[in-house]
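Participant: The following block contains the structure, expressed as structure tokens.
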Amino acid sequence: MINTINYIRKSWNMAYKTSIRNIAYSFTDLKDLMAKASPFRSGDALAGLAAETYHERVAAQFVLADLPLKVFLSEFVIPCEEDEITRLIIDTHNKAAFGPIDYFTVGEFRDWLLSDEADAYSLAALASGLTPEMVAAVSKVMRNQDLIAVANKCEVITAFRNTIGLKGRFSTRLQPNHPTDDPRGIAASIIDGLLYGSGDAVIGINPATDNPETVLKLLQLIDRLRQHYDIPTQSCVLTHLTTTLELIRQDAPVDLAFQSIAGTEKANSSFGVNISLIEEAYQATLELNRGTEGNNVMYFETGQGSCLSANAHHGVDQQTCEARAYALARKFKPLLVNSVVGFIGPEYLYDGKQIIRAALEDHFCGKLLGLPMGVDICYTNHAEADQDDMDNLLTLLAVAGCTFIMGVPGADDIMLNYQSTSFHDALYIRKLLGLRPAPEFEDWLVKRGIFDRETGVLQDKRKGLLNVMNF
Amino acid sequence: MGALKNRFVKNDLYSDLKQFTQARIAVGRAGCSMPLNELLEFKMSHAHARDAVYSELDLQLISNELKVIDMEHYILKSKAINRSSYLSRPDWGRNLSDESFQSLKIYPRKGYDVSLVLADGLSASAINQHALPLLHELVPQLGEMGYTLAPLILVQNGRVAIADQIASLLQASLSIIFIGERPGLTCPDSMGAYLTYDPKPGLTDESRNCISNISVQGLDYITAAERILYLVNESMSRKLSGVLLKEISGGQEKEEDKRLT
């Protein structure tokens with residue numbers, strides 16, 4: 001290579017410099033380099049972190065590619081004394097697992113990931129040796145097809161009442177939201193979803209209110225349905241962890257504890273959580289011991305831009321912040337992690353192109369770090385995106401081996417007012433790629449006459465669940 | 001919409017479930033996919049929502065109607081010069097343009113109880129439809145209660161927090177901004193009202209109280225005005241707003257009002 005690229009280490013302060021085609025570039029520190037190397041998105045521009053020009057971005061990618069992975073173990077984008085997530089990342093790093101690749105640069109890491117040496121087995125063994133910043137860095141020098149190819153090699157399996165993440169399987173969260181939490185409205189959407197084969201990842205309601213009594217009623221509703229029809233799946237009402245903890249104390253039927261999380265202590269604090277609160281909820285939910293196939297009891301949601309939105313990003317780009325949230329998630333061995341990628345709005349991800357890129361990054365980073373990664377393939381009405389963009393993303397993510405997506409009636413969430421994927425969308429991709437629901441759930445669908453075992457498609461006449469509305 | 005039924009569409013046998021929810025359930029299928037009729041209905045809803053995002057304040061109409069109720073008013077602009085910069089730069093939508101800022105700064109009469117602001121937000125058509133009917137309910141009652149009103153400010157490409165700047169320039173104790181909410185597929189033109197005590201730049205959502213979903217399908221003008229008046233009285237007598245007021249007033253504010261633009 002004719003370009004001279006080097007990074008000059010000055011004790012703990014590093015200067016990242018290069019000269020390419022007689023243009024000199026310098027980046028003030030690791031987080032500046034990471035931000036400038038990020039494929040363009042509106043949130044980084046809003047934060048004033050994005051590269052000024054196209055060529056500055058590529059120059060940053062050149063410098064990042066030559067950076068030894070080891071640097072991420074001695075230089076931190078957010079100082080450990082300021083942030084408990086940084087401390088968690090340092091404390092949980094597995095040096096032995098990192099050993100086989102500890103001499104790699106970011107660029108060599110990318111090439112290795114694409115080589116045949118990186119397979120499901122070696123990637124699983126490596127996961128605990130990777131930090132979120134390493135994974136974010138390598139994603140920044142990868143094209144969409146690289147992100148898809150590598151993520152597809154990962155296999156992350158979790159279980160509660162069914163088994164999620166097996167090769168050849170593709171799961172859905174049934175999302176039956178209703179603007180006033182009306183139990184009959186929610187039940188109607190659940191039945192429609194089940195009859196369309198949706199709900200093996202979880203039947204998960206976003207309540208319109210955090211009121212514990214309402215949440216309890218919704219938990220009891222799904223639990224009654226599940227037991228009555230003997231459905232091998234889990235339920236969740238996506239309320240704040242403190243509400244879930246309160247309900248656990250009242251013996252509510254809590255399968256999974258949910259929480260939105262982000263990649264900095266300050267952002268999590270704006271969500272009203274920290275590591276010790278999550279640990280408390282994790283232990284309390286584990287003790288209920290309601291899983292039959294396994295005991296992964298946590299459900300986390302994340303999304304690029306949440307740290308910036310909470311003014312808690314410490315000058316770190318939004319994709320790196322997002323990857324840091326996965327370090328927090330994996331501490332609690334979640335059943336499901338969901339990047340709600342397009343929900344945040346165009347000031348963070350402007351259009352279909354940015355949403356698609358971000359979703360592929362999140363799925364890749366999550367999988368590499370060992371998480372059961374799903375994506376809410378979605379957009380709001382003020383983003384420059386439409387259902388065609390979601391079709392593209394759905395197809396790309398399913399090829400990449402995405403663990404699960406949402407199932408929303410007609411893709412239109414009438415409570416949260418945004419568009420996601422429909423029950424039909426999941427059937428489209430399952431049929432196209434020969435993917436099937438979680439095995440226990442698939443057996444149930446066949447037994448109930450909803451799916452045909454041979455073809456994996458819907459039976460013509462399926463009305464076995466209808467008497468349920470009589471309550 | 002004409003029925004586009006054909007023999008390739010399989011209907012669901014449980015369409016009676018539709019009575020329980022507005023969600024798009026029991027829509028049937030063509031192969032595994034959405035029937036075309038459903039797909040076009042969805043696209044039409046999305047088209048209305050997109051058009052609402054790009055709609056503009058009908059300044060002439062609003063101005064004329066404000067004259068009818070004898071309301072002094074001024075038209076100002078935010079720092080966002082068009083919709084695309086409005087959508088990608090929330091910080092610009094929260095601040096007045098230099099010219100607008102100066103004009104308000106040199107405005108001679110200062111010191112009021114309540115400053116009213118109308119902003120397009122994410123749906124100018126919501127403001128075009130709902131702002132005046134609501135003001136017809138609200139303004140006379142505010143007057144009867146003895147509150148002094150600052151001149152009403154109409155803002156193009158404004159976000160909620162721009163009312164902080166406006167009201168602090170006018171030295172008002174309380175600001176109420178009426179703003180177009182993010183359009184949904186079910187309702188592309190609902191309006192929200194955000195109330196802030198002691199408004200000044202730099203405040204965040206926790207300092208505000210919100211009445212949302214003012215629309216034909218949602219909250220009607222009379223109820224919305226009642227709720228706003230209740231909040232105004234509580235806020236002015238307790239000299240606070242936001243989370244603290246919500247706790248004191250015991251959940252008068254509906255939970256759905258948490259959706260912010």
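For the structure tokens, the naming scheme is as follows: chains receive sequential letters (A, B, ...) according to their order of presentation, residues are indexed from 1 within each chain, and ligands are indexed from 1 in presentation order.
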Within 8 Å of chain B, which residues of chain A come that close, and what is the closest atom pair and distance in Å for each? Count only C-alpha atoms and give it as JSON lines.

Facilitator:
```
{"residue": "A:Ser42", "atom": "CA", "partner": "B:Ser88", "partner_atom": "CA", "distance": 6.4}
{"residue": "A:Leu46", "atom": "CA", "partner": "B:Arg89", "partner_atom": "CA", "distance": 6.4}
{"residue": "A:His178", "atom": "CA", "partner": "B:Thr21", "partner_atom": "CA", "distance": 7.5}
{"residue": "A:Arg184", "atom": "CA", "partner": "B:Phe20", "partner_atom": "CA", "distance": 5.9}
{"residue": "A:Gly185", "atom": "CA", "partner": "B:Thr21", "partner_atom": "CA", "distance": 4.6}
{"residue": "A:Ile186", "atom": "CA", "partner": "B:Thr21", "partner_atom": "CA", "distance": 7.6}
{"residue": "A:Ala188", "atom": "CA", "partner": "B:Leu17", "partner_atom": "CA", "distance": 5.7}
{"residue": "A:Ser189", "atom": "CA", "partner": "B:Ile25", "partner_atom": "CA", "distance": 6.3}
{"residue": "A:Asp192", "atom": "CA", "partner": "B:Ile25", "partner_atom": "CA", "distance": 6.1}
{"residue": "A:Ala208", "atom": "CA", "partner": "B:Glu256", "partner_atom": "CA", "distance": 6.2}
{"residue": "A:Thr209", "atom": "CA", "partner": "B:Glu255", "partner_atom": "CA", "distance": 5.6}
{"residue": "A:Asp210", "atom": "CA", "partner": "B:Glu255", "partner_atom": "CA", "distance": 7.9}
{"residue": "A:Pro346", "atom": "CA", "partner": "B:Ser88", "partner_atom": "CA", "distance": 5.9}
{"residue": "A:Glu347", "atom": "CA", "partner": "B:Ser88", "partner_atom": "CA", "distance": 4.1}
{"residue": "A:Tyr348", "atom": "CA", "partner": "B:Ser88", "partner_atom": "CA", "distance": 7.5}
{"residue": "A:Tyr350", "atom": "CA", "partner": "B:Ser88", "partner_atom": "CA", "distance": 6.9}
{"residue": "A:Asn381", "atom": "CA", "partner": "B:Arg50", "partner_atom": "CA", "distance": 6.2}
{"residue": "A:His382", "atom": "CA", "partner": "B:Val53", "partner_atom": "CA", "distance": 6.3}
{"residue": "A:Pro409", "atom": "CA", "partner": "B:Arg24", "partner_atom": "CA", "distance": 5.1}
{"residue": "A:Gly410", "atom": "CA", "partner": "B:Arg24", "partner_atom": "CA", "distance": 4.9}
{"residue": "A:Asp412", "atom": "CA", "partner": "B:Arg24", "partner_atom": "CA", "distance": 7.1}
{"residue": "A:Asp413", "atom": "CA", "partner": "B:Ala23", "partner_atom": "CA", "distance": 7.3}
{"residue": "A:Ile414", "atom": "CA", "partner": "B:Ala23", "partner_atom": "CA", "distance": 6.2}
{"residue": "A:Asn417", "atom": "CA", "partner": "B:Gly184", "partner_atom": "CA", "distance": 4.9}
{"residue": "A:Tyr418", "atom": "CA", "partner": "B:Gly184", "partner_atom": "CA", "distance": 6.7}
{"residue": "A:His424", "atom": "CA", "partner": "B:Ser33", "partner_atom": "CA", "distance": 5.3}
{"residue": "A:Asp425", "atom": "CA", "partner": "B:Ser33", "partner_atom": "CA", "distance": 7.1}
{"residue": "A:Leu427", "atom": "CA", "partner": "B:Cys32", "partner_atom": "CA", "distance": 5.9}
{"residue": "A:Tyr428", "atom": "CA", "partner": "B:Cys32", "partner_atom": "CA", "distance": 6.0}
{"residue": "A:Val457", "atom": "CA", "partner": "B:Cys32", "partner_atom": "CA", "distance": 7.8}
{"residue": "A:Leu458", "atom": "CA", "partner": "B:Cys32", "partner_atom": "CA", "distance": 7.8}
{"residue": "A:Asp460", "atom": "CA", "partner": "B:Lys10", "partner_atom": "CA", "distance": 7.7}
{"residue": "A:Lys461", "atom": "CA", "partner": "B:Leu13", "partner_atom": "CA", "distance": 7.5}
{"residue": "A:Arg462", "atom": "CA", "partner": "B:Leu13", "partner_atom": "CA", "distance": 7.6}
{"residue": "A:Lys463", "atom": "CA", "partner": "B:Leu13", "partner_atom": "CA", "distance": 6.8}
{"residue": "A:Leu466", "atom": "CA", "partner": "B:Tyr14", "partner_atom": "CA", "distance": 7.6}
```

Participant: At a cut-off of 7 Å, using only C-alpha atoms, what residues contact region 105-114 of chain A? Leave out same-chain residues fewer than 3 positions from it and give the result as JSON, numbers by chain.

Facilitator: {"A": [64, 65, 66, 67, 68, 69, 118, 137, 138, 150]}

Participant: Could you name the residues that touch Thr455 (chain A) at 12 Å or less, counting only C-alpha atoms, but leaving out those on the same chain fewer than 6 positions away, as a PyMOL selection string?

Facilitator: chain A and resi 427+430-432+434-436+442+446

Participant: Which residue out of B:Leu57, B:Leu116, B:Ile127, B:Met145 has the minimum interatomic distance to Leu195 (chain B) when only C-alpha atoms are used?

Facilitator: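 Checking each of B:Leu57, B:Leu116, B:Ile127, B:Met145 against Leu195 (chain B), counting only C-alpha atoms, the winner is B:Leu116.
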
Participant: Out of region 242-400 of chain A, which residues get alpha helix (DSSP H) from DSSP, as an NGL selection string?

Facilitator: :A and (242-249 or 265-270 or 275-288 or 306-309 or 318-330 or 352-368 or 387-399)

Participant: Could you find all residues in region 9-257 of chain B that DSSP calls strand (DSSP E) from the backbone, and write them as a PyMOL selection string?

Facilitator: chain B and resi 9-10+29-30+73-77+112-119+152-156+172-180+191-197+208-214

Participant: Take the residues that were just selected and, keeping C-alpha atoms, output them as a short mmCIF file (atom, residue, chain, number, x, y, z; two decimals), in the first residue's frame.

Facilitator:
```
data_model
loop_
_atom_site.label_atom_id
_atom_site.label_comp_id
_atom_site.auth_asym_id
_atom_site.auth_seq_id
_atom_site.Cartn_x
_atom_site.Cartn_y
_atom_site.Cartn_z
CA VAL B 9 -57.93 -14.29 -1.83
CA LYS B 10 -58.61 -16.47 1.20
CA ARG B 29 -54.46 -13.46 2.48
CA ALA B 30 -53.35 -13.99 -1.09
CA HIS B 73 -50.78 37.70 16.96
CA TYR B 74 -47.44 37.49 15.17
CA ILE B 75 -45.96 35.01 12.73
CA LEU B 76 -42.43 33.84 13.50
CA LYS B 77 -40.00 31.25 12.16
CA TYR B 112 -48.07 38.29 31.15
CA ASP B 113 -49.64 35.33 32.88
CA VAL B 114 -50.01 33.09 29.84
CA SER B 115 -48.25 32.92 26.48
CA LEU B 116 -50.08 30.97 23.74
CA VAL B 117 -48.11 29.52 20.84
CA LEU B 118 -49.25 27.61 17.75
CA ALA B 119 -46.64 25.53 15.91
CA LEU B 152 -50.33 34.76 20.32
CA ILE B 153 -47.30 33.54 18.37
CA LEU B 154 -47.60 31.35 15.27
CA VAL B 155 -44.37 29.47 14.50
CA GLN B 156 -43.35 27.72 11.32
CA ALA B 172 -44.88 35.13 30.68
CA SER B 173 -45.37 32.97 33.77
CA LEU B 174 -46.80 30.05 31.83
CA SER B 175 -46.61 28.87 28.23
CA ILE B 176 -49.06 26.71 26.33
CA ILE B 177 -48.01 25.49 22.91
CA PHE B 178 -50.43 23.78 20.54
CA ILE B 179 -48.53 21.58 18.14
CA GLY B 180 -49.20 18.97 15.45
CA MET B 191 -52.94 18.10 18.06
CA GLY B 192 -51.13 18.17 21.40
CA ALA B 193 -51.00 20.94 23.99
CA TYR B 194 -47.93 21.32 26.22
CA LEU B 195 -48.00 23.48 29.30
CA THR B 196 -44.85 24.75 31.03
CA TYR B 197 -44.59 26.91 34.15
CA ARG B 208 -44.14 19.96 31.03
CA ASN B 209 -47.69 18.69 31.20
CA CYS B 210 -49.30 17.44 28.06
CA ILE B 211 -52.82 16.97 26.75
CA SER B 212 -52.50 14.87 23.63
CA ASN B 213 -54.63 13.40 20.89
CA ILE B 214 -56.93 16.39 20.33
#
```

Participant: Do you have the CA of Leu397 (chain A)-CA of Gln304 (chain A) distance handy?

Facilitator: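 Interatomic distance, CA of Leu397 (chain A) to CA of Gln304 (chain A): 16.9 Å.
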
Participant: How many Å lie between CA of Gln387 (chain A) and CA of Glu155 (chain A), rounded to one decimal?

Facilitator: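 Taking CA of Gln387 (chain A) and CA of Glu155 (chain A), their separation equals 28.6 Å.
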
Participant: With only C-alpha atoms as the counted atoms, please give the residues lying no more than 9 Å from Ile62 (chain B), apart from itself and same-chain residues fewer than 5 positions off, as a ChimeraX atom specification.

Facilitator: /B:57,67,128,131-132

Participant: Limited to C-alpha atoms, could you put the picked residues into a file as an mmCIF file, in the first residue's frame?

Facilitator:
```
data_model
loop_
_atom_site.group_PDB
_atom_site.id
_atom_site.type_symbol
_atom_site.label_atom_id
_atom_site.label_comp_id
_atom_site.auth_asym_id
_atom_site.auth_seq_id
_atom_site.Cartn_x
_atom_site.Cartn_y
_atom_site.Cartn_z
ATOM 1 C CA LEU B 57 -49.731 26.201 8.264
ATOM 2 C CA LYS B 67 -58.775 38.703 14.017
ATOM 3 C CA ASN B 128 -55.152 24.206 10.675
ATOM 4 C CA ALA B 131 -56.235 25.125 16.910
ATOM 5 C CA LEU B 132 -58.939 27.741 16.345
#
```

Participant: Have a look at A:Glu82, A:Glu293, A:Asp146, A:Glu322 and name the one nearest to Ala262 (chain A); count only C-alpha atoms.

Facilitator: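 Among the listed residues, the smallest separation from Ala262 (chain A) belongs to A:Glu322.
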
Participant: Hey, which of A:Leu360, A:Ile164, A:Ile377, A:Ile205 ends up closest to Val399 (chain A)? Count only C-alpha atoms.

Facilitator: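 Nearest to Val399 (chain A): A:Leu360.
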
Participant: Any idea what the distance is between CA of Glu301 (chain A) and CA of Phe258 (chain A)?

Facilitator: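 So the two atoms, CA of Glu301 (chain A) and CA of Phe258 (chain A), lie 7.9 Å apart.
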
Participant: Just want the 10 Å neighbourhood of Pro334 (chain A), counted on only C-alpha atoms, with same-chain residues fewer than 6 positions away dropped. Output as a list in words.

Facilitator: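 What passes the distance filter is Thr158, Ala159, Leu256, Ala257, Phe258, Tyr282, Asn295, Asn296, Val297, Met298, Tyr299, Phe300, Leu371, Pro372 and Met373 of chain A.
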
Participant: Have a look at A:Asp116, A:Asp389, A:Asp255, A:Glu361 and name the one nearest to Gly294 (chain A); count only C-alpha atoms.

Facilitator: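 The answer is A:Asp255, which sits nearest to Gly294 (chain A).
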